[in-house]
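Here is the file start_21.tsv (TSV, C-alpha atoms and all ligand atoms).
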chain	number	residue	atom	x	y	z
A	12	MET	CA	15.11	19.37	-17.16
A	13	SER	CA	13.22	19.22	-13.91
A	14	ALA	CA	10.84	16.48	-12.89
A	15	ASN	CA	7.11	16.83	-12.56
A	16	LEU	CA	5.98	16.17	-9.06
A	17	LEU	CA	3.71	13.15	-8.67
A	18	ASP	CA	1.61	14.65	-5.91
A	19	GLY	CA	0.01	11.84	-3.90
A	20	LYS	CA	-2.22	14.26	-2.03
A	21	ALA	CA	-3.69	15.77	-5.20
A	22	ILE	CA	-4.18	12.40	-6.94
A	23	SER	CA	-5.70	11.04	-3.72
A	24	ALA	CA	-8.09	13.96	-3.46
A	25	SER	CA	-9.55	13.27	-6.88
A	26	ILE	CA	-9.89	9.53	-6.19
A	27	ARG	CA	-11.48	10.28	-2.79
A	28	GLU	CA	-14.06	12.50	-4.44
A	29	GLY	CA	-15.18	9.52	-6.52
A	30	ILE	CA	-15.19	7.27	-3.44
A	31	ALA	CA	-17.31	9.76	-1.46
A	32	ASN	CA	-19.87	9.80	-4.29
A	33	GLU	CA	-19.97	6.01	-4.37
A	34	VAL	CA	-20.51	5.91	-0.59
A	35	GLN	CA	-23.45	8.29	-0.96
A	36	ASP	CA	-24.90	6.10	-3.74
A	37	LEU	CA	-24.55	3.00	-1.59
A	38	LYS	CA	-26.13	4.72	1.40
A	39	GLY	CA	-29.07	5.62	-0.83
A	40	LYS	CA	-29.48	1.86	-1.38
A	41	GLY	CA	-29.28	1.17	2.36
A	42	VAL	CA	-25.65	0.05	2.39
A	43	THR	CA	-23.04	1.79	4.57
A	44	PRO	CA	-19.51	0.47	3.93
A	45	GLY	CA	-17.79	-0.46	7.20
A	46	LEU	CA	-14.14	-0.93	8.13
A	47	ALA	CA	-12.84	-2.57	11.30
A	48	VAL	CA	-9.28	-1.88	12.36
A	49	ILE	CA	-7.54	-3.96	15.00
A	50	LEU	CA	-4.62	-2.36	16.79
A	51	VAL	CA	-2.50	-4.53	19.07
A	52	GLY	CA	-0.19	-2.86	21.60
A	53	ASP	CA	0.93	0.74	21.68
A	54	ASP	CA	3.45	1.26	18.91
A	55	GLN	CA	3.40	5.01	18.23
A	56	ALA	CA	3.72	4.79	14.45
A	57	SER	CA	0.89	2.24	14.31
A	58	HIS	CA	-1.31	4.57	16.37
A	59	THR	CA	-0.68	7.39	13.90
A	60	TYR	CA	-1.47	5.18	10.87
A	61	VAL	CA	-4.67	3.96	12.50
A	62	ARG	CA	-5.76	7.49	13.37
A	63	ASN	CA	-5.25	8.56	9.75
A	64	LYS	CA	-7.33	5.62	8.55
A	65	GLU	CA	-10.16	6.47	10.95
A	66	ARG	CA	-10.07	10.10	9.83
A	67	ALA	CA	-10.26	9.09	6.16
A	68	CYS	CA	-13.30	6.88	6.90
A	69	GLU	CA	-14.99	9.76	8.67
A	70	GLN	CA	-14.36	12.16	5.78
A	71	LEU	CA	-15.80	9.73	3.25
A	72	GLY	CA	-18.83	8.62	5.24
A	73	ILE	CA	-17.51	5.09	5.83
A	74	TYR	CA	-18.45	3.48	9.16
A	75	SER	CA	-15.34	2.54	11.15
A	76	GLU	CA	-14.70	0.53	14.26
A	77	LEU	CA	-11.41	0.50	16.15
A	78	ILE	CA	-10.61	-2.50	18.32
A	79	LYS	CA	-7.65	-1.93	20.62
A	80	LEU	CA	-6.05	-4.99	22.18
A	81	PRO	CA	-3.19	-5.11	24.69
A	82	ALA	CA	0.32	-6.07	23.51
A	83	ASP	CA	0.12	-9.36	25.45
A	84	VAL	CA	-3.24	-10.42	23.98
A	85	ALA	CA	-3.42	-14.18	23.32
A	86	GLU	CA	-3.35	-15.14	19.65
A	87	GLU	CA	-6.55	-17.15	20.16
A	88	GLU	CA	-8.38	-14.05	21.37
A	89	LEU	CA	-7.25	-12.05	18.33
A	90	LEU	CA	-8.33	-14.86	16.01
A	91	GLY	CA	-11.68	-15.01	17.84
A	92	ARG	CA	-12.21	-11.28	17.20
A	93	LEU	CA	-11.48	-11.86	13.52
A	94	HIS	CA	-14.05	-14.67	13.32
A	95	ASP	CA	-16.63	-12.32	14.88
A	96	LEU	CA	-15.81	-9.57	12.37
A	97	ASN	CA	-15.93	-12.06	9.48
A	98	ALA	CA	-19.53	-12.79	10.52
A	99	ASP	CA	-20.51	-9.15	11.19
A	100	SER	CA	-22.64	-7.75	8.35
A	101	LYS	CA	-21.86	-4.11	9.29
A	102	ILE	CA	-18.19	-4.77	8.51
A	103	ASN	CA	-17.00	-5.05	4.91
A	104	GLY	CA	-13.29	-4.60	5.48
A	105	ILE	CA	-10.98	-5.87	8.22
A	106	LEU	CA	-7.48	-4.60	8.77
A	107	VAL	CA	-5.02	-5.75	11.40
A	108	GLN	CA	-2.36	-3.08	11.82
A	109	LEU	CA	1.11	-4.60	11.37
A	110	PRO	CA	3.61	-5.27	12.82
A	111	LEU	CA	2.19	-7.57	15.50
A	112	PRO	CA	3.95	-8.58	18.72
A	113	LYS	CA	6.36	-11.49	18.25
A	114	HIS	CA	4.21	-14.10	20.03
A	115	ILE	CA	1.48	-13.74	17.40
A	116	ASN	CA	1.74	-15.61	14.11
A	117	GLU	CA	1.18	-12.93	11.46
A	118	LYS	CA	0.49	-15.45	8.68
A	119	ARG	CA	-2.23	-17.16	10.73
A	120	VAL	CA	-3.82	-13.77	11.45
A	121	ILE	CA	-3.85	-12.75	7.79
A	122	GLU	CA	-5.26	-16.11	6.72
A	123	THR	CA	-8.07	-15.87	9.31
A	124	ILE	CA	-9.48	-12.71	7.72
A	125	HIS	CA	-12.15	-13.66	5.19
A	126	PRO	CA	-10.68	-12.99	1.70
A	127	ALA	CA	-13.78	-10.93	0.77
A	128	LYS	CA	-13.04	-8.60	3.74
A	129	ASP	CA	-9.25	-8.55	3.28
A	130	VAL	CA	-9.00	-4.87	2.34
A	131	ASP	CA	-5.22	-4.88	2.82
A	132	GLY	CA	-5.00	-7.46	0.02
A	133	PHE	CA	-2.56	-9.64	1.97
A	134	HIS	CA	-4.54	-12.90	2.06
A	135	PRO	CA	-2.97	-15.63	-0.12
A	136	ILE	CA	-6.29	-15.98	-1.98
A	137	ASN	CA	-6.20	-12.31	-3.00
A	138	ILE	CA	-2.49	-12.52	-3.85
A	139	GLY	CA	-3.19	-15.61	-6.00
A	140	ARG	CA	-6.12	-13.91	-7.70
A	141	MET	CA	-3.94	-10.88	-8.41
A	142	MET	CA	-1.21	-13.09	-9.89
A	143	THR	CA	-3.71	-14.80	-12.17
A	144	LYS	CA	-5.31	-11.47	-13.14
A	145	GLN	CA	-8.69	-12.21	-11.58
A	146	GLU	CA	-10.79	-9.70	-9.69
A	147	ALA	CA	-9.18	-9.25	-6.27
A	148	LEU	CA	-8.72	-6.85	-3.41
A	149	LEU	CA	-5.28	-5.49	-4.31
A	150	PRO	CA	-2.64	-4.55	-1.72
A	151	CYS	CA	-3.04	-0.84	-1.04
A	152	THR	CA	0.48	0.55	-1.47
A	153	PRO	CA	1.20	-1.28	-4.77
A	154	PHE	CA	-2.30	-0.41	-6.05
A	155	GLY	CA	-1.71	3.25	-5.16
A	156	ILE	CA	1.63	3.25	-6.97
A	157	LEU	CA	0.02	1.84	-10.12
A	158	LYS	CA	-2.67	4.55	-9.97
A	159	MET	CA	-0.01	7.25	-9.63
A	160	VAL	CA	1.97	6.00	-12.62
A	161	LYS	CA	-1.22	5.74	-14.68
A	162	ASP	CA	-1.99	9.33	-13.71
A	163	THR	CA	1.08	10.46	-15.70
A	164	GLY	CA	-0.70	9.21	-18.83
A	165	ILE	CA	2.27	7.12	-20.00
A	166	ASP	CA	1.72	3.79	-21.69
A	167	ILE	CA	3.08	1.17	-19.27
A	168	LYS	CA	3.14	-1.59	-21.90
A	169	GLY	CA	6.71	-2.66	-22.69
A	170	LYS	CA	8.26	-0.27	-20.17
A	171	HIS	CA	11.09	-1.58	-18.02
A	172	VAL	CA	10.02	-1.42	-14.38
A	173	VAL	CA	12.77	-2.00	-11.82
A	174	VAL	CA	11.59	-2.68	-8.28
A	175	ILE	CA	14.08	-2.48	-5.42
A	176	GLY	CA	12.67	-4.56	-2.57
A	177	ARG	CA	10.81	-7.88	-2.52
A	178	SER	CA	8.63	-7.74	0.57
A	179	ASN	CA	5.23	-9.43	0.49
A	180	ILE	CA	3.43	-6.14	1.12
A	181	VAL	CA	5.19	-3.82	-1.33
A	182	GLY	CA	8.00	-5.09	-3.55
A	183	LYS	CA	6.64	-8.41	-4.81
A	184	PRO	CA	3.04	-7.31	-5.44
A	185	VAL	CA	3.96	-3.99	-7.06
A	186	GLY	CA	6.12	-5.82	-9.61
A	187	GLN	CA	3.24	-8.22	-10.29
A	188	LEU	CA	0.77	-5.37	-10.88
A	189	PHE	CA	3.09	-3.83	-13.47
A	190	LEU	CA	3.66	-7.24	-15.08
A	191	ASN	CA	-0.14	-7.50	-15.37
A	192	GLU	CA	0.04	-4.19	-17.29
A	193	ASP	CA	2.54	-5.74	-19.76
A	194	ALA	CA	5.64	-4.06	-18.35
A	195	THR	CA	8.96	-5.90	-18.27
A	196	VAL	CA	9.79	-6.23	-14.58
A	197	THR	CA	13.11	-6.67	-12.79
A	198	TYR	CA	13.32	-7.26	-9.04
A	199	CYS	CA	16.35	-6.20	-7.02
A	200	HIS	CA	17.04	-6.86	-3.34
A	201	SER	CA	19.81	-6.92	-0.77
A	202	LYS	CA	21.67	-9.75	-2.54
A	203	THR	CA	21.57	-8.06	-5.96
A	204	LYS	CA	25.06	-7.51	-7.35
A	205	ASP	CA	25.72	-4.16	-9.03
A	206	LEU	CA	22.33	-2.62	-8.25
A	207	ARG	CA	23.05	0.44	-10.39
A	208	ALA	CA	23.39	-1.70	-13.52
A	209	TYR	CA	19.66	-2.46	-13.13
A	210	THR	CA	18.30	0.79	-11.74
A	211	ALA	CA	19.98	2.82	-14.50
A	212	GLN	CA	17.96	0.87	-17.09
A	213	ALA	CA	14.60	1.57	-15.49
A	214	ASP	CA	11.91	3.53	-17.32
A	215	ILE	CA	10.00	3.30	-14.04
A	216	LEU	CA	12.04	2.90	-10.86
A	217	ILE	CA	10.26	1.86	-7.67
A	218	ALA	CA	12.30	2.01	-4.46
A	219	ALA	CA	10.79	0.09	-1.53
A	220	VAL	CA	13.82	-0.51	0.63
A	221	GLY	CA	13.88	1.48	3.87
A	222	VAL	CA	17.36	3.03	3.48
A	223	ALA	CA	17.37	6.85	3.63
A	224	LYS	CA	18.31	8.60	0.36
A	225	MET	CA	20.18	5.60	-1.09
A	226	ILE	CA	19.13	6.32	-4.71
A	227	LYS	CA	21.22	9.07	-6.29
A	228	ALA	CA	21.08	10.73	-9.72
A	229	ASP	CA	23.74	8.35	-11.06
A	230	ASP	CA	21.46	5.39	-10.28
A	231	VAL	CA	18.66	6.74	-12.47
A	232	LYS	CA	18.11	6.87	-16.24
A	233	LYS	CA	17.39	10.34	-17.65
A	234	GLY	CA	13.64	10.85	-17.96
A	235	ALA	CA	12.68	7.96	-15.68
A	236	ILE	CA	9.59	7.94	-13.51
A	237	VAL	CA	10.81	7.54	-9.93
A	238	ILE	CA	8.49	6.22	-7.22
A	239	ASP	CA	9.78	6.46	-3.67
A	240	VAL	CA	8.01	4.16	-1.20
A	241	GLY	CA	10.55	4.50	1.60
A	242	MET	CA	9.65	6.16	4.88
A	243	ASN	CA	12.83	6.88	6.76
A	244	ARG	CA	14.39	9.50	9.01
A	245	ASP	CA	17.40	11.47	7.78
A	246	GLU	CA	20.35	12.69	9.86
A	247	ASN	CA	18.16	15.56	11.18
A	248	ASN	CA	15.33	13.17	12.07
A	249	LYS	CA	13.30	14.54	9.16
A	250	LEU	CA	11.03	12.18	7.24
A	251	CYS	CA	12.62	11.16	3.94
A	252	GLY	CA	12.41	8.45	1.32
A	253	ASP	CA	14.82	5.94	-0.23
A	254	VAL	CA	15.51	8.44	-3.01
A	255	ASP	CA	17.72	11.49	-2.61
A	256	PHE	CA	15.01	13.79	-3.95
A	257	ASP	CA	17.11	16.93	-4.58
A	258	ASP	CA	19.76	14.93	-6.43
A	259	VAL	CA	17.39	12.80	-8.53
A	260	ALA	CA	14.55	15.25	-9.34
A	261	PRO	CA	16.47	17.19	-12.04
A	262	LYS	CA	17.07	13.92	-13.97
A	263	ALA	CA	13.64	12.28	-13.65
A	264	SER	CA	10.51	13.01	-15.70
A	265	TYR	CA	8.24	12.39	-12.71
A	266	ILE	CA	9.07	11.84	-9.06
A	267	THR	CA	7.09	11.27	-5.86
A	268	PRO	CA	7.94	13.38	-2.80
A	269	VAL	CA	8.24	12.00	0.75
A	270	PRO	CA	6.04	12.85	2.53
A	271	GLY	CA	3.05	13.50	0.26
A	272	GLY	CA	3.70	10.86	-2.38
A	273	VAL	CA	2.94	7.17	-1.97
A	274	GLY	CA	1.77	7.51	1.67
A	275	PRO	CA	-1.54	9.30	1.01
A	276	MET	CA	-2.27	6.90	-1.86
A	277	THR	CA	-2.00	3.89	0.46
A	278	ILE	CA	-4.83	5.12	2.69
A	279	THR	CA	-6.92	6.17	-0.29
A	280	MET	CA	-6.69	2.70	-1.81
A	281	LEU	CA	-7.70	1.22	1.55
A	282	MET	CA	-10.86	3.32	1.38
A	283	TYR	CA	-11.35	2.26	-2.25
A	284	ASN	CA	-11.02	-1.43	-1.27
A	285	THR	CA	-13.50	-1.03	1.61
A	286	VAL	CA	-16.11	0.40	-0.74
A	287	LEU	CA	-15.33	-2.29	-3.35
A	288	ALA	CA	-15.74	-4.98	-0.66
A	289	ALA	CA	-19.08	-3.44	0.35
A	290	LYS	CA	-20.23	-3.42	-3.27
A	291	MET	CA	-19.17	-7.05	-3.77
A	292	ALA	CA	-20.88	-8.15	-0.52
A	293	ASN	CA	-24.10	-6.43	-1.57
A	294	LYS	CA	-23.85	-7.38	-5.26
A	295	GLN	CA	-23.82	-3.69	-6.32
B	301	LIG	P1	11.06	-4.70	4.10
B	301	LIG	O1	12.12	-4.40	5.13
B	301	LIG	O2	10.11	-5.80	4.34
B	301	LIG	O3	11.79	-4.96	2.70
B	301	LIG	C1	12.88	-4.21	2.28
B	301	LIG	C2	13.42	-4.78	0.98
B	301	LIG	O4	14.55	-4.01	0.59
B	301	LIG	C3	13.90	-6.21	1.10
B	301	LIG	O5	13.45	-6.97	-0.01
B	301	LIG	C4	15.42	-6.10	1.12
B	301	LIG	O6	16.09	-7.21	0.51
B	301	LIG	C5	15.64	-4.87	0.29
B	301	LIG	N1	16.89	-4.20	0.62
B	301	LIG	C6	17.35	-3.85	1.84
B	301	LIG	N2	18.53	-3.21	1.74
B	301	LIG	C7	18.83	-3.16	0.43
B	301	LIG	C8	19.92	-2.65	-0.32
B	301	LIG	N3	20.94	-2.03	0.27
B	301	LIG	N4	19.90	-2.76	-1.67
B	301	LIG	C9	18.85	-3.37	-2.29
B	301	LIG	N5	17.80	-3.88	-1.63
B	301	LIG	C10	17.78	-3.78	-0.30
B	301	LIG	O7	10.31	-3.32	3.87
B	301	LIG	P2	8.86	-2.97	3.26
B	301	LIG	O8	8.76	-3.50	1.87
B	301	LIG	O9	7.80	-3.28	4.24
B	301	LIG	O10	8.98	-1.38	3.20
B	301	LIG	C11	9.98	-0.71	2.45
B	301	LIG	C12	9.97	0.76	2.77
B	301	LIG	O11	8.71	1.30	2.39
B	301	LIG	C13	10.10	1.11	4.26
B	301	LIG	O12	10.80	2.33	4.37
B	301	LIG	C14	8.67	1.29	4.73
B	301	LIG	O13	8.58	2.15	5.85
B	301	LIG	C15	8.06	1.92	3.51
B	301	LIG	N6	6.62	1.68	3.36
B	301	LIG	C16	5.87	2.77	3.00
B	301	LIG	C17	4.52	2.63	2.81
B	301	LIG	C18	3.75	3.83	2.38
B	301	LIG	O14	2.53	3.82	2.43
B	301	LIG	N7	4.40	4.91	1.94
B	301	LIG	C19	3.82	1.36	3.01
B	301	LIG	C20	4.71	0.26	3.31
B	301	LIG	C21	6.06	0.46	3.49
B	301	LIG	P3	16.03	-8.73	1.10
B	301	LIG	O15	14.68	-9.24	0.70
B	301	LIG	O16	17.15	-9.40	0.41
B	301	LIG	O17	16.20	-8.60	2.58
Can you give me the file's structure in the form of structure tokens?
Amino acid sequence: MSANLLDGKAISASIREGIANEVQDLKGKGVTPGLAVILVGDDQASHTYVRNKERACEQLGIYSELIKLPADVAEEELLGRLHDLNADSKINGILVQLPLPKHINEKRVIETIHPAKDVDGFHPINIGRMMTKQEALLPCTPFGILKMVKDTGIDIKGKHVVVIGRSNIVGKPVGQLFLNEDATVTYCHSKTKDLRAYTAQADILIAAVGVAKMIKADDVKKGAIVIDVGMNRDENNKLCGDVDFDDVAPKASYITPVPGGVGPMTITMLMYNTVLAAKMANKQ
């Protein structure tokens, strides 16, 4: 048996086609969705992510604005910019690229973004709405993962989903989204004893850890769907995930590659959220 590849680029391309059509529809009604991205400092990885987001906006016809602030910017100034963007009718989505320099309180920044413009889905109001199954802007990486699993056509109801990782941006919300789909969800983390005892039971295994190739074939149930969120460097400085792809692929039914798996979906869902926010703001 060899796994089917869950190709994030291909799934993204079909979702983006739908988004581009929606943007054209909205433009016909006089509405251009707009995304503002704030980048603080000059972290190289953050620059790359931001560039990719700008490029995606351009391709889809979404207006984008990049605000670059120096690494030593005062928190008050950053919050002031957010208040301005909250009030700016051209802007439907606001994203502050994380991580932020240590002197800035990340929670305060996230909570200053208006929940209706919180296209990252990190604001406690959106998290609460997600938990209570109300309409919400959903966090992009977890939302993208759910879309990918749905793309396999399997029925998620009653499946055992094991999530490794419990961060606020990936692990916790992705488990919640699958719980909302009637899966049985188990969370594992760095204090979990006998991790394999859990992972080997997973119908759907989601690794969001940040440890290169830690998941091996012996950790995985035969026929499982394996989603690899990790973005790490291997011993040759090559990009790799948390899953040892070559070892696990022969045992899985579906598996995401790194790169080209979850990564492209994250940006696509950001575009999706920006258009959704524009539709909500304009009652479309
Ligand atoms: P965090 O560092 O915030 O969280 C990592 C989680 O993994 C923690 O909950 C931690 O447990 C757990 N963990 C660490 N070591 C182990 C271990 N040995 N066994 C079991 N659990 C462990 O990371 P993020 O959630 O932000 O990101 C996870 C990975 O996903 C990273 O590689 C990141 O680069 C990538 N990522 C990829 C994205 C994409 O678009 N493809 C988007 C976002 C992230 P504890 O809570 O106990 O510390």
Checklist entry - Which of these, A:Lys40, A:His114, A:Lys204, A:Lys224, has the shortest distance to Cys251 of chain A once you count only C-alpha atoms? => result A:Lys224
Checklist entry - Any idea what's packed within 12 Å of Lys38 of chain A, counting only C-alpha atoms, ignoring anything in its chain fewer than 2 positions away? Could you give it as a list in words? => result Ala31, Asn32, Glu33, Val34, Gln35, Asp36, Lys40, Gly41, Val42, Thr43, Pro44, Gly45, Leu71, Gly72, Ile73, Tyr74, Val286, Ala289, Lys290, Asn293 and Gln295 of chain A
Next on the checklist: Within 12 Å of (7.4, 8.7, -3.0) in the file's own coordinates, which protein, DNA or RNA residues have an atom, counting only C-alpha atoms? List them as a ChimeraX atom specification.
Outcome noted: /A:16-20,152-153,155-156,159-160,216-221,224,236-243,250-256,260,265-277
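Taking atom CA of Leu80 of chain A and atom CA of Ile278 of chain A as endpoints, the distance between them is 22.0 Å.
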Next on the checklist: Let me make sure I understand: among A:Pro81, A:Pro112, A:Pro150, A:Pro135, which one has the smallest atom-to-atom distance to ligand LIG 301 (chain B) if we use all atoms listed in the file?
Outcome noted: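 Of A:Pro81, A:Pro112, A:Pro150, A:Pro135, the one nearest ligand LIG 301 (chain B) is A:Pro150, counting all atoms listed in the file.
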Item to check | Among listed residues A:Val196, A:Met282, A:Val173, A:Ile105, nearest Glu28 of chain A (using only C-alpha atoms) | outcome: A:Met282
Item to check | Shortest interatomic distance to ligand LIG 301 (chain B) - which of A:Val231, A:Ala263, A:Val174, A:Val107, counting all atoms listed in the file | outcome: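 Comparing A:Val231, A:Ala263, A:Val174, A:Val107 against ligand LIG 301 (chain B), the winner is A:Val174.
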Checklist entry - From the set A:Asp230, A:Glu65, A:Asp83, A:Glu122, which residue has the shortest atom-to-atom contact distance to Ile138 of chain A, counting all atoms listed in the file? => result A:Glu122
Checklist entry - What is the distance, in Å and to one decimal place, between atom CA of Val222 of chain A and atom CA of Pro110 of chain A? => result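 Pair atom CA of Val222 of chain A / atom CA of Pro110 of chain A returns 18.6 Å.
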Item to check | Best match for closeness to ligand LIG 301 (chain B) among A:Asp258, A:Glu87, A:Glu117, A:Asp205, counting only C-alpha atoms and all ligand atoms | outcome: A:Asp205
Take segment 163-177 of chain A from the block and save it with C-alpha atoms, as a short mmCIF file (atom, residue, chain, number, x, y, z; two decimals), in the first residue's frame.
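Here's the written file decode-v6.cif:
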data_model
loop_
_atom_site.label_atom_id
_atom_site.label_comp_id
_atom_site.auth_asym_id
_atom_site.auth_seq_id
_atom_site.Cartn_x
_atom_site.Cartn_y
_atom_site.Cartn_z
CA THR A 163 -10.39 13.04 0.76
CA GLY A 164 -14.15 12.46 0.89
CA ILE A 165 -13.99 10.49 4.16
CA ASP A 166 -16.72 10.84 6.73
CA ILE A 167 -15.10 12.57 9.73
CA LYS A 168 -17.95 11.69 12.10
CA GLY A 169 -16.80 9.24 14.79
CA LYS A 170 -13.21 9.16 13.55
CA HIS A 171 -10.44 9.30 16.13
CA VAL A 172 -8.38 12.43 15.53
CA VAL A 173 -5.11 12.64 17.46
CA VAL A 174 -3.48 16.07 17.53
CA ILE A 175 0.13 16.39 18.66
CA GLY A 176 0.62 19.97 19.82
CA ARG A 177 -1.61 22.35 21.76
#
